[in-house]
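Participant: Just one file: work-v5.txt, with compact mmCIF, C-alpha atoms.
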```
# COMPACT_ATOMS: atom_id res chain seq x y z
CA MET L 1 34.18 20.99 0.64
CA SER L 2 37.65 22.11 -0.58
CA LYS L 3 39.58 24.67 1.45
CA LYS L 4 39.95 26.71 -1.73
CA THR L 5 36.23 26.99 -2.48
CA ILE L 6 35.73 30.27 -0.63
CA LEU L 7 38.82 31.83 -2.17
CA TRP L 8 37.62 30.64 -5.57
CA PHE L 9 34.33 32.47 -4.98
CA PHE L 10 36.27 35.68 -4.26
CA PHE L 11 38.14 35.23 -7.54
CA ILE L 12 35.00 34.57 -9.59
CA VAL L 13 33.17 37.58 -8.15
CA THR L 14 36.20 39.81 -8.73
CA CYS L 15 36.52 38.69 -12.32
CA ILE L 16 32.83 39.29 -12.98
CA LYS L 17 32.99 42.69 -11.32
CA THR L 18 36.07 43.91 -13.21
CA ASN L 19 35.55 41.99 -16.48
CA GLN L 20 39.00 40.43 -16.15
CA LEU L 21 39.62 37.44 -18.40
CA LEU L 22 41.90 34.47 -17.80
CA GLY L 23 43.12 34.41 -21.40
CA ASP L 24 42.06 34.35 -25.02
CA GLU L 25 41.52 30.60 -25.20
CA ASP L 26 37.93 29.45 -24.64
CA VAL L 27 38.14 26.66 -22.04
CA ARG L 28 34.41 26.35 -21.37
CA CYS L 29 32.80 22.91 -21.35
CA ILE L 30 29.73 22.79 -23.58
CA SER L 31 27.30 20.05 -24.62
CA SER L 32 29.49 18.94 -27.52
CA SER L 33 32.75 18.80 -25.51
CA CYS L 34 32.32 15.11 -24.71
CA SER L 35 31.22 13.93 -28.13
CA ASP L 36 34.62 12.41 -28.94
CA ALA L 37 35.58 11.35 -25.40
CA GLU L 38 36.87 7.80 -24.95
CA CYS L 39 35.82 6.49 -21.53
CA SER L 40 37.28 3.54 -19.67
CA SER L 41 34.78 1.15 -18.16
CA VAL L 42 33.85 1.55 -14.50
CA PRO L 43 35.31 -1.23 -12.28
CA SER L 44 32.88 -4.15 -12.07
CA LYS L 45 32.96 -4.00 -8.27
CA CYS L 46 31.40 -0.53 -8.29
CA ASN L 47 27.63 -0.51 -7.96
CA SER L 48 25.80 2.78 -7.55
CA SER L 49 22.99 1.05 -5.64
CA ILE L 50 25.43 -0.29 -3.00
CA PRO L 51 27.01 2.56 -0.98
CA SER L 52 30.00 0.53 0.24
CA SER L 53 31.01 -0.74 -3.19
CA GLY L 54 33.05 2.27 -4.25
CA VAL L 55 33.49 6.02 -4.40
CA TYR L 56 31.89 7.79 -7.37
CA MET L 57 33.56 11.11 -8.10
CA LEU L 58 34.32 13.64 -10.81
CA SER L 59 36.41 12.21 -13.59
CA PRO L 60 39.98 13.57 -13.75
CA ASP L 61 39.47 14.02 -17.50
CA ILE L 62 38.66 17.44 -18.99
CA CYS L 63 34.97 18.40 -18.75
CA ASN L 64 34.18 15.33 -16.60
CA CYS L 65 32.93 13.44 -19.62
CA CYS L 66 33.27 9.95 -18.20
CA GLU L 67 31.75 8.14 -15.24
CA TYR L 68 34.50 7.53 -12.71
CA CYS L 69 34.54 5.30 -9.65
CA LEU L 70 37.18 4.02 -7.25
CA ALA L 71 36.20 0.51 -6.20
CA ASN L 72 36.45 -0.18 -2.48
CA ILE L 73 39.03 -2.81 -1.47
CA GLU L 74 38.17 -4.99 1.52
CA GLU L 75 40.29 -5.66 4.60
CA GLY L 76 43.26 -7.92 3.86
CA GLU L 77 43.14 -7.40 0.09
CA PRO L 78 46.14 -5.99 -1.85
CA CYS L 79 46.34 -2.22 -2.34
CA SER L 80 48.78 0.45 -3.49
CA ILE L 81 49.55 3.97 -2.24
CA GLY L 82 50.82 4.82 -5.74
CA ASP L 83 53.48 7.19 -6.99
CA PRO L 84 53.75 9.72 -9.88
CA SER L 85 54.72 6.95 -12.32
CA ASN L 86 51.57 4.90 -11.68
CA ALA L 87 48.56 4.91 -13.96
CA LYS L 88 45.23 6.36 -12.86
CA HIS L 89 43.90 4.59 -9.77
CA THR L 90 40.80 2.40 -10.04
CA SER L 91 40.46 1.25 -6.42
CA ILE L 92 40.88 2.44 -2.85
CA CYS L 93 40.74 0.87 0.61
CA GLY L 94 37.15 0.88 1.87
CA PRO L 95 35.68 2.92 4.76
CA GLY L 96 37.73 2.70 7.98
CA LEU L 97 40.65 1.02 6.16
CA THR L 98 44.08 2.26 5.13
CA CYS L 99 46.71 0.87 2.79
CA PHE L 100 49.48 -0.42 5.08
CA THR L 101 52.93 -0.77 3.48
CA THR L 102 56.41 -1.51 4.86
CA ASP L 103 60.01 -0.60 4.03
CA GLY L 104 59.16 2.12 1.52
CA ASN L 105 57.04 -0.13 -0.68
CA THR L 106 54.11 1.36 -2.55
CA ASP L 107 52.16 -1.92 -2.41
CA GLY L 108 50.58 -3.40 0.69
CA LYS L 109 47.31 -4.62 2.18
CA CYS L 110 44.21 -2.83 3.44
CA GLN L 111 44.05 -2.80 7.24
CA LYS L 112 41.83 -1.16 9.83
CA MET L 113 42.92 2.33 10.84
CA SER L 114 44.39 2.46 14.33
CA GLU L 115 44.70 6.19 14.95
CA GLY L 116 42.46 9.27 14.99
CA CYS L 117 38.71 8.84 14.95
CA VAL L 118 38.70 5.13 14.05
CA GLY L 119 41.26 4.45 16.78
CA GLU L 120 39.06 6.27 19.27
CA GLN L 121 36.09 4.17 18.15
CA THR L 122 38.09 1.01 18.85
CA ILE L 123 39.00 2.21 22.34
CA TYR L 124 35.36 3.15 22.99
CA ASP L 125 34.16 -0.32 21.92
CA GLN L 126 36.74 -2.00 24.16
CA ARG L 127 35.74 0.12 27.15
CA ARG L 128 32.06 -0.55 26.50
CA ALA L 129 32.74 -4.30 26.45
CA ASN L 130 34.53 -3.97 29.79
CA GLY L 131 31.77 -1.84 31.32
CA PHE L 132 33.93 1.27 31.73
CA LEU L 133 31.83 3.83 29.82
CA GLY L 134 30.50 7.00 31.40
CA SER L 135 26.74 7.59 31.42
CA MET L 136 27.01 10.53 28.96
CA GLU L 137 29.77 9.27 26.68
CA VAL L 138 29.05 9.09 22.95
CA ARG L 139 30.79 6.85 20.42
CA PRO L 140 32.75 8.96 17.90
CA THR L 141 31.40 8.99 14.36
CA CYS L 142 33.92 8.92 11.52
CA ASP L 143 33.80 9.50 7.78
CA ASP L 144 35.11 7.07 5.16
CA ASP L 145 38.61 8.58 5.41
CA GLY L 146 38.82 7.93 9.14
CA ASN L 147 38.35 11.59 10.06
CA TYR L 148 35.80 12.86 12.54
CA SER L 149 32.30 13.45 11.16
CA PRO L 150 31.11 17.08 10.92
CA TYR L 151 29.39 17.28 14.30
CA LYS L 152 29.52 15.93 17.83
CA CYS L 153 26.56 15.66 20.23
CA ILE L 154 25.94 15.82 23.96
CA PRO L 155 22.92 13.58 24.63
CA GLY L 156 19.84 15.55 25.56
CA GLN L 157 21.58 18.90 25.07
CA THR L 158 23.14 20.16 21.83
CA CYS L 159 25.23 19.14 18.83
CA HIS L 160 28.13 21.29 17.62
CA CYS L 161 30.30 21.38 14.50
CA VAL L 162 33.85 20.05 14.52
CA LEU L 163 36.73 19.88 12.06
CA SER L 164 38.05 16.57 10.77
CA ASP L 165 40.44 16.46 13.75
CA SER L 166 37.55 17.02 16.24
CA THR L 167 38.38 20.69 16.94
CA ARG L 168 35.16 22.60 17.67
CA VAL L 169 34.15 25.35 15.23
CA PHE L 170 31.09 27.55 14.68
CA GLY L 171 27.68 25.91 14.32
CA ASP L 172 25.33 24.18 16.75
CA ALA L 173 21.78 22.88 17.03
CA ASP L 174 19.42 21.54 19.66
CA TYR L 175 19.93 17.80 20.20
CA SER L 176 16.24 17.02 19.68
CA SER L 177 16.25 18.57 16.20
CA ILE L 178 19.52 17.14 14.92
CA ALA L 179 19.57 14.87 11.88
CA ASP L 180 21.96 13.98 9.07
CA TYR L 181 21.35 17.41 7.48
CA MET L 182 23.96 19.03 9.77
CA THR L 183 26.89 19.13 7.33
CA CYS L 184 28.83 22.02 8.94
CA ALA L 185 30.33 22.59 5.47
CA CYS L 186 30.30 26.39 5.72
CA ALA L 187 31.98 26.44 9.13
CA ARG L 188 34.62 23.97 7.95
CA GLY L 189 35.16 25.91 4.73
CA TYR L 190 35.63 29.17 6.64
CA GLN L 191 38.30 27.59 8.84
CA GLY L 192 40.05 26.33 5.71
CA ALA L 193 40.16 29.87 4.34
CA VAL L 194 41.55 31.15 7.65
CA ASP L 195 44.27 28.50 7.55
CA ILE L 196 45.24 29.59 4.04
CA LEU L 197 45.16 33.35 4.69
CA GLY L 198 46.53 33.23 8.24
CA ARG L 199 43.92 35.59 9.71
CA GLU L 200 40.26 35.86 10.64
CA LEU L 201 37.92 37.30 8.01
CA GLY L 202 35.36 40.09 8.29
CA PRO L 203 31.66 39.65 7.41
CA HIS L 204 32.31 41.12 3.95
CA GLU L 205 35.06 38.61 3.14
CA HIS L 206 33.53 35.17 3.58
CA PHE L 207 30.50 33.03 2.91
CA ARG L 208 27.82 33.56 5.54
CA CYS L 209 26.81 30.45 7.44
CA ALA L 210 23.51 29.38 8.93
CA ALA L 211 23.34 28.88 12.70
CA ASP L 212 23.98 25.13 12.32
CA GLY L 213 27.20 25.61 10.33
CA SER L 214 25.70 24.97 6.88
CA PHE L 215 25.62 27.63 4.17
CA ASP L 216 23.15 30.49 4.40
CA ARG L 217 21.05 30.17 1.24
CA LEU L 218 21.58 33.87 0.41
CA GLN L 219 25.15 35.07 -0.14
CA CYS L 220 26.40 38.59 -0.89
CA ILE L 221 30.09 39.39 -1.38
CA ASN L 222 31.42 42.59 -2.97
CA ASN L 223 27.79 43.76 -3.29
CA GLN L 224 27.00 40.84 -5.60
CA CYS L 225 24.38 38.33 -4.41
CA LEU L 226 23.14 34.87 -5.37
CA CYS L 227 21.30 31.85 -3.99
CA VAL L 228 23.35 28.81 -2.95
CA ASP L 229 22.75 25.28 -1.74
CA ALA L 230 22.87 25.00 2.06
CA ALA L 231 24.83 21.74 1.93
CA ASP L 232 27.80 22.74 -0.24
CA GLY L 233 27.51 26.44 -1.14
CA ALA L 234 27.12 25.75 -4.87
CA PRO L 235 24.92 28.22 -6.79
CA THR L 236 21.30 27.03 -6.75
CA PHE L 237 20.70 28.70 -10.11
CA PRO L 238 24.13 28.57 -11.80
CA ASP L 239 22.97 30.32 -14.96
CA ALA L 240 21.28 33.21 -13.14
CA LYS L 241 22.95 36.63 -13.11
CA LEU L 242 24.33 38.00 -9.86
CA VAL L 243 22.08 40.59 -8.24
CA ASN L 244 23.37 43.85 -6.76
CA LEU L 245 22.97 43.97 -2.99
CA THR L 246 20.68 47.01 -3.13
CA ASP L 247 18.32 45.19 -5.53
CA ILE L 248 17.84 41.89 -3.68
CA SER L 249 14.20 40.97 -2.99
CA ASN L 250 11.85 37.96 -3.28
CA GLU L 251 11.41 38.91 -6.93
CA THR L 252 15.10 39.02 -7.87
CA LEU L 253 16.27 36.10 -5.68
CA PRO L 254 14.02 33.14 -4.71
CA CYS L 255 16.03 32.50 -1.51
CA TYR L 256 15.42 36.02 -0.16
CA THR L 257 13.19 35.95 2.93
CA ASP L 258 13.29 39.50 4.32
CA SER L 259 10.33 41.80 3.70
CA VAL L 260 12.59 44.84 3.21
CA LYS L 261 14.23 45.12 -0.23
CA GLY L 262 18.03 45.21 -0.15
CA ASN L 263 18.26 44.18 3.52
CA TYR L 264 21.07 41.63 3.79
CA TYR L 265 23.32 42.33 6.75
CA ARG L 266 22.15 41.18 10.16
CA LYS L 267 22.50 43.29 13.30
CA CYS L 268 26.14 42.52 14.15
CA GLU L 269 27.22 42.49 10.50
CA ALA L 270 25.51 45.84 9.92
CA GLU L 271 27.32 47.37 12.91
CA PHE L 272 30.63 45.93 11.71
CA MET L 273 30.15 47.19 8.14
CA GLU L 274 29.18 50.68 9.29
CA ILE L 275 32.43 50.96 11.25
CA TYR L 276 34.40 49.35 8.40
CA LYS L 277 33.12 51.91 5.86
CA GLU L 278 33.76 54.81 8.24
CA VAL L 279 37.33 53.65 8.86
CA ALA L 280 37.89 53.23 5.12
CA GLN L 281 36.68 56.78 4.55
CA LYS L 282 38.98 58.11 7.28
CA LYS L 283 41.93 56.29 5.73
CA ASN L 284 41.10 57.76 2.32
CA GLU L 285 40.79 61.29 3.71
CA SER L 286 43.90 61.19 5.89
CA HIS L 287 46.08 59.01 3.62
CA TYR L 288 47.13 56.97 6.68
CA SER L 289 46.97 53.18 6.68
CA LEU L 290 46.04 53.00 10.38
CA VAL L 291 42.99 54.55 12.03
CA ILE L 292 42.58 54.05 15.79
CA GLY L 293 39.72 54.61 18.22
CA TYR L 294 37.18 52.21 16.66
CA ASN L 295 35.93 49.05 18.38
CA TYR L 296 34.54 46.40 16.04
CA PRO L 297 31.87 44.03 17.41
CA GLN L 298 32.70 40.33 17.42
CA CYS L 299 30.37 38.68 14.90
CA ASP L 300 29.69 35.00 14.35
CA LEU L 301 29.69 33.41 10.90
CA ASP L 302 25.90 33.74 10.67
CA GLY L 303 26.06 37.53 11.10
CA THR L 304 24.85 37.51 14.70
CA TYR L 305 26.83 38.57 17.75
CA ALA L 306 29.54 36.15 18.89
CA PRO L 307 28.93 34.72 22.41
CA SER L 308 31.74 36.69 24.08
CA GLN L 309 31.96 40.47 23.73
CA GLU L 310 34.10 43.06 25.46
CA SER L 311 34.46 46.78 25.97
CA LYS L 312 37.57 48.64 27.12
CA THR L 313 36.75 47.76 30.73
CA HIS L 314 34.50 44.68 30.79
CA LYS L 315 33.92 41.28 29.20
CA TYR L 316 30.52 39.60 29.03
CA CYS L 317 28.29 37.01 27.33
CA VAL L 318 25.52 38.02 24.93
CA SER L 319 22.73 36.38 22.95
CA LYS L 320 22.77 36.26 19.15
CA ASP L 321 20.91 39.58 19.19
CA GLY L 322 23.47 41.18 21.50
CA ASP L 323 21.43 41.05 24.73
CA LEU L 324 23.36 40.49 27.97
CA LEU L 325 23.36 36.92 29.30
CA THR L 326 25.84 37.33 32.16
CA GLU L 327 26.94 40.10 34.48
CA PRO L 328 29.88 41.98 32.88
CA LEU L 329 33.22 41.06 34.45
CA LEU L 330 35.74 43.84 35.13
CA LYS L 331 38.89 43.03 33.18
CA SER L 332 41.16 44.86 35.64
CA ASP L 333 39.88 42.86 38.65
CA SER L 334 42.70 40.47 39.57
CA ASN L 335 40.32 38.32 41.61
CA GLN L 336 38.46 37.24 38.47
CA ALA L 337 41.31 37.34 35.95
CA GLU L 338 40.98 33.63 35.19
CA LEU L 339 37.22 33.90 34.65
CA VAL L 340 37.78 36.79 32.23
CA SER L 341 40.61 35.18 30.26
CA SER L 342 38.82 31.83 29.84
CA MET L 343 35.36 33.23 29.02
CA ASP L 344 33.76 31.39 26.07
CA CYS L 345 30.05 31.56 27.02
CA LYS L 346 29.39 28.11 25.53
CA CYS L 347 27.24 26.98 28.45
CA VAL L 348 24.83 29.93 28.55
CA ARG L 349 24.44 29.83 24.78
CA ALA L 350 23.75 26.07 24.87
CA ALA L 351 21.16 26.56 27.59
CA MET L 352 19.36 29.12 25.39
CA LEU L 353 19.36 26.75 22.41
CA MET L 354 18.16 23.66 24.26
CA THR L 355 14.48 22.75 24.32
CA SER L 356 15.05 20.25 27.15
CA MET L 357 14.18 21.35 30.69
CA GLU L 358 17.41 19.75 31.96
CA LYS L 359 19.79 22.68 31.46
CA PRO L 360 23.57 22.53 32.14
CA SER L 361 24.98 24.46 35.08
CA CYS L 362 27.12 27.45 34.07
CA LEU L 363 29.86 29.43 35.76
CA LYS L 364 29.81 33.19 36.35
CA ASN L 365 31.60 33.74 33.02
CA GLY L 366 29.08 31.68 31.04
CA ASN L 367 31.36 28.64 30.68
CA TYR L 368 30.43 25.08 31.57
CA ASP L 369 30.82 24.20 35.24
CA PRO L 370 33.41 21.36 35.19
CA VAL L 371 30.97 19.31 37.30
CA GLN L 372 27.65 18.59 35.60
CA CYS L 373 24.77 16.61 37.11
CA ARG L 374 21.86 14.94 35.35
CA ARG L 375 19.15 12.87 36.98
CA GLY L 376 21.10 12.52 40.22
CA VAL L 377 24.42 11.46 38.63
CA CYS L 378 27.35 13.91 38.39
CA ARG L 379 30.34 13.77 36.06
CA CYS L 380 33.30 15.85 34.86
CA VAL L 381 33.02 17.67 31.51
CA ASP L 382 35.41 19.48 29.17
CA PRO L 383 34.95 23.13 28.06
CA ASN L 384 32.47 21.98 25.37
CA GLY L 385 30.29 20.09 27.86
CA ASN L 386 31.36 16.60 26.76
CA GLN L 387 31.97 14.01 29.48
CA GLN L 388 35.64 13.99 30.41
CA CYS L 389 37.46 10.80 31.38
CA SER L 390 41.00 10.10 32.52
CA ALA L 391 43.82 9.12 30.16
CA GLU L 392 43.35 5.55 31.41
CA GLY L 393 39.71 5.65 30.29
CA GLN L 394 38.13 5.87 33.71
CA CYS L 395 35.00 8.06 33.83
CA GLU L 396 34.51 9.08 37.43
CA GLU L 397 30.86 9.63 38.43
CA LYS L 398 29.27 10.42 41.79
CA ASP L 399 25.80 10.74 43.23
CA GLU L 400 24.68 14.37 43.37
CA SER L 401 25.00 14.38 47.16
CA ASP L 402 28.68 13.44 46.80
CA LYS L 403 29.61 15.63 43.80
CA ASP L 404 32.16 17.67 45.78
CA ASN L 405 34.40 14.60 45.80
CA LEU L 406 34.69 14.53 41.99
CA HIS L 407 38.22 15.29 40.84
CA CYS L 408 37.70 17.37 37.70
CA SER L 409 40.64 19.13 36.05
```
Would you write the structure of this file as structure tokens?
Facilitator:
Amino acid sequence: MSKKTILWFFFIVTCIKTNQLLGDEDVRCISSSCSDAECSSVPSKCNSSIPSSGVYMLSPDICNCCEYCLANIEEGEPCSIGDPSNAKHTSICGPGLTCFTTDGNTDGKCQKMSEGCVGEQTIYDQRRANGFLGSMEVRPTCDDDGNYSPYKCIPGQTCHCVLSDSTRVFGDADYSSIADYMTCACARGYQGAVDILGRELGPHEHFRCAADGSFDRLQCINNQCLCVDAADGAPTFPDAKLVNLTDISNETLPCYTDSVKGNYYRKCEAEFMEIYKEVAQKKNESHYSLVIGYNYPQCDLDGTYAPSQESKTHKYCVSKDGDLLTEPLLKSDSNQAELVSSMDCKCVRAAMLMTSMEKPSCLKNGNYDPVQCRRGVCRCVDPNGNQQCSAEGQCEEKDESDKDNLHCS
């Protein structure tokens, strides 16, 4: 999903709400728009029934009148990175390959990627062949561009969403229920919007996600609501009119599941919006741009409470409904300053999500204990619970009786 998709939704809703027009010229694509289109033939190498033969995509021509495909080039075959003077491309290096050129040339040959996700896969395969893998290591999965796939899993525990560079973002699911449906497109799209705007967004400013990082099927922004596809956020019924938030029900929107008409915001979102509206009213009455004394709850992208919450004096872990999961830690206590500052609650939340009886061990602040044991074997893990190995690729493991001798950073 494009980083601009969410911002584009803001723009569309605003235009609909205020009846702003882009101009006098009618640029809509209608059924007759393609009647005179002249289409080039699709490369013979492309075959829609063979996934690895090429990349079918929207045509760069107006109204997408023509079928368009970039044929995949195989390893060792000639390729070009192109420049503004080149004609429209008809081919691209296949999955896991990149066009390697030298000395400023635009032409080269397709070679296997050596960095990022594909490079990590190569290292993993080499270590597996040499017998150096840890018992809980997982081979990275990459997309056709060599970036990390949308989610990463801990065997027997949970899977969580990641960006294309493997940075963890919102969205997780129990390992036993995971399948290819976990696209994490909403979570990735939100982070793209944050990168563009340079700040976090409130519940009223972004697409709402489902717990697994996909799109919530019901979306309401600026009091205008519609049904969308969970995979990509596209309107499920593109020709349907937007429905005012107060009017949403199973009769006005097929994706609505609540029994109470007009009920959209979840518990954390509702608390946030109540404070937001009160602050806005105070600003309007006082004519000041800053109103102090209000403490917003930390909400996740699915409208539930974020794992870590804090008051003026304490910090603590909560469930999605806001129930305490850990004993509140006093922020002014110097003896637990590190526990407070590093609190992410990922372990206690994962333990709640898991259906397996083999739960991870958590620290007092709800984080993963750096030493995790499973079936008598102990290993070091990172803050997300993934097995952690040394820079040299050694994965130290000990019997549970000898776990105190593990050297975890």
Participant: What are the closest atom pairs, with distances in Å to one decimal, for all residues of segment 345-371 of chain L lying within 12 Å of segment 300-319 of chain L? Consider all atoms listed in the file, order rows by chain and residue number, and present the result as a tab-separated table.
Facilitator:
```
residue	atom	partner	partner_atom	distance
L:Cys345	CA	L:Pro307	CA	5.7
L:Lys346	CA	L:Pro307	CA	7.3
L:Cys347	CA	L:Pro307	CA	10.0
L:Val348	CA	L:Cys317	CA	8.0
L:Arg349	CA	L:Ser319	CA	7.0
L:Ala350	CA	L:Pro307	CA	10.4
L:Ala351	CA	L:Ser319	CA	11.0
L:Met352	CA	L:Ser319	CA	8.4
L:Leu353	CA	L:Ser319	CA	10.2
L:Cys362	CA	L:Cys317	CA	11.8
L:Leu363	CA	L:Cys317	CA	11.4
L:Lys364	CA	L:Tyr316	CA	9.8
L:Asn365	CA	L:Tyr316	CA	7.2
L:Gly366	CA	L:Cys317	CA	6.5
L:Asn367	CA	L:Cys317	CA	9.5
```
Participant: Box for segment 234-250 of chain L: with edges along x, y and z, all listed atoms inside and 5 Å added on each side, what are the centre and edge lengths in Å to one decimal, as JSON?
Facilitator:
```
{"center_x": 19.5, "center_y": 36.4, "center_z": -9.0, "size_x": 25.3, "size_y": 31.3, "size_z": 22.0}
```
Participant: For atom CA of Cys63 of chain L and atom CA of Pro238 of chain L, determine how far apart the two atoms are, in Å to one decimal place.
Facilitator: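 A separation of 16.4 Å between them.
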Participant: Mind checking which residues fall within 12 Å of Gly104 of chain L, counting all atoms listed in the file, ignoring those fewer than 5 positions away in the same chain, and posting them as a ChimeraX atom specification?
Facilitator: /L:80-83
Participant: Given all atoms listed in the file, how would the per-residue table for segment 191-251 of chain L near segment 155-168 of chain L read, listing every residue at most 9 Å away with its closest atom pair and distance in Å to one decimal, sorted by chain and number, as a tab-separated table?
Facilitator:
```
residue	atom	partner	partner_atom	distance
L:Gln191	CA	L:Leu163	CA	8.5
L:Asp212	CA	L:Cys161	CA	7.7
L:Gly213	CA	L:Cys161	CA	6.7
```
Participant: Considering all atoms listed in the file, return as a ChimeraX atom specification whatever protein or nucleic-acid residues lie within 10 Å of segment 41-46 of chain L, sequence-local ones (same chain, fewer than 3 positions apart) excluded.
Facilitator: /L:38,49-56,66-73,90-91
Participant: Ser32 of chain L: which residues within 12 Å, counting all atoms listed in the file, same-chain residues fewer than 4 positions away excluded, as a list in words?
Facilitator: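 The residues that qualify are Arg28, Asp36, Ala37, Cys63 and Cys65 of chain L.
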Participant: Between atom CA of Cys227 of chain L and atom CA of Lys261 of chain L, what is the spacing in Å?
Facilitator: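 Atom-to-atom, atom CA of Lys261 of chain L and atom CA of Cys227 of chain L are spaced 15.5 Å apart.
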Participant: So, with only C-alpha atoms as the atoms that count, which of L:Arg375, L:Gly233, L:Pro254, L:Val340 lies closest to Met357 of chain L?
Facilitator: L:Arg375
Participant: Just checking: using only C-alpha atoms, which residue out of L:Arg208, L:Lys267, L:Arg139, L:His89 ends up closest to Cys225 of chain L?
Facilitator: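 Closest candidate: L:Arg208.
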Participant: Would you mind reading off the distance between atom CA of Phe132 of chain L and atom CA of Gly393 of chain L, one decimal, in Å?
Facilitator: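 About the pair atom CA of Phe132 of chain L and atom CA of Gly393 of chain L: they are 7.4 Å apart.
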Participant: List as number ranges by chain: which residues have an atom within 8 Å of (22.9, 14.8, 42.5), counting all atoms listed in the file?
Facilitator: L: 373-378, 398-403
Participant: May I ask which of the residues L:Glu205, L:Glu338, L:Asp258, L:Asp229 is the closest one to Tyr276 of chain L, counting all atoms listed in the file?
Facilitator: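 Closest to Tyr276 of chain L, using all atoms listed in the file: L:Glu205.
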Participant: With distances taken over all atoms listed in the file, which of L:Gln336, L:Thr355, L:Asn250, L:Ser135 is nearest to Glu397 of chain L?
Facilitator: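 Closest to Glu397 of chain L, using all atoms listed in the file: L:Ser135.
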Participant: Have a look at L:Gly171, L:Glu251, L:Leu330, L:Asn64 and name the one nearest to Ser31 of chain L; count all atoms listed in the file.
Facilitator: L:Asn64
Participant: Counting all atoms listed in the file, select every polymer residue within 10 Å of (35.6, 50.7, 17.0) as defined in the file's coordinates, and provide the selection as a PyMOL selection string.
Facilitator: chain L and resi 271-272+275-276+278-279+291-297+311
Participant: I'd like the neighbourhood of Thr122 of chain L as a PyMOL selection string, where a residue qualifies if any of its atoms comes within 12 Å (using all atoms listed in the file), though same-chain residues fewer than 4 positions away should be ignored.
Facilitator: chain L and resi 96+112-118+126-129+139-142+146
Participant: Per residue of segment 192-268 of chain L within 10 Å of segment 320-325 of chain L, which atom pair is closest and at what distance in Å (one decimal), using only C-alpha atoms, listed by chain and increasing number, as a tab-separated table?
Facilitator:
```
residue	atom	partner	partner_atom	distance
L:Ala211	CA	L:Lys320	CA	9.8
L:Arg266	CA	L:Asp321	CA	9.3
L:Lys267	CA	L:Asp321	CA	7.1
L:Cys268	CA	L:Asp321	CA	7.8
```
Participant: Could you rebuild segment 64-77 of chain L with N, CA and C atoms and give it back as a compact mmCIF listing (two decimals), in the frame of the given file?
Facilitator:
```
# COMPACT_ATOMS: atom_id res chain seq x y z
N ASN L 64 34.87 16.39 -17.34
CA ASN L 64 34.18 15.33 -16.60
C ASN L 64 33.24 14.55 -17.51
N CYS L 65 33.76 14.12 -18.63
CA CYS L 65 32.93 13.44 -19.62
C CYS L 65 32.58 12.00 -19.24
N CYS L 66 33.43 11.38 -18.45
CA CYS L 66 33.27 9.95 -18.20
C CYS L 66 32.82 9.67 -16.76
N GLU L 67 32.11 8.58 -16.59
CA GLU L 67 31.75 8.14 -15.24
C GLU L 67 33.01 7.57 -14.61
N TYR L 68 33.25 7.93 -13.37
CA TYR L 68 34.50 7.53 -12.71
C TYR L 68 34.21 7.03 -11.31
N CYS L 69 34.77 5.88 -10.97
CA CYS L 69 34.54 5.30 -9.65
C CYS L 69 35.79 4.58 -9.18
N LEU L 70 36.11 4.78 -7.89
CA LEU L 70 37.18 4.02 -7.25
C LEU L 70 36.53 2.89 -6.47
N ALA L 71 36.80 1.67 -6.87
CA ALA L 71 36.20 0.51 -6.20
C ALA L 71 36.81 0.34 -4.82
N ASN L 72 35.97 0.03 -3.83
CA ASN L 72 36.45 -0.18 -2.48
C ASN L 72 37.11 -1.55 -2.33
N ILE L 73 38.32 -1.56 -1.75
CA ILE L 73 39.03 -2.81 -1.47
C ILE L 73 38.71 -3.22 -0.05
N GLU L 74 38.52 -4.50 0.20
CA GLU L 74 38.17 -4.99 1.52
C GLU L 74 39.41 -5.27 2.36
N GLU L 75 39.19 -5.41 3.67
CA GLU L 75 40.29 -5.66 4.60
C GLU L 75 41.06 -6.92 4.20
N GLY L 76 42.39 -6.79 4.18
CA GLY L 76 43.26 -7.92 3.86
C GLY L 76 43.58 -8.06 2.39
N GLU L 77 42.88 -7.32 1.52
CA GLU L 77 43.14 -7.40 0.09
C GLU L 77 44.30 -6.49 -0.31
```
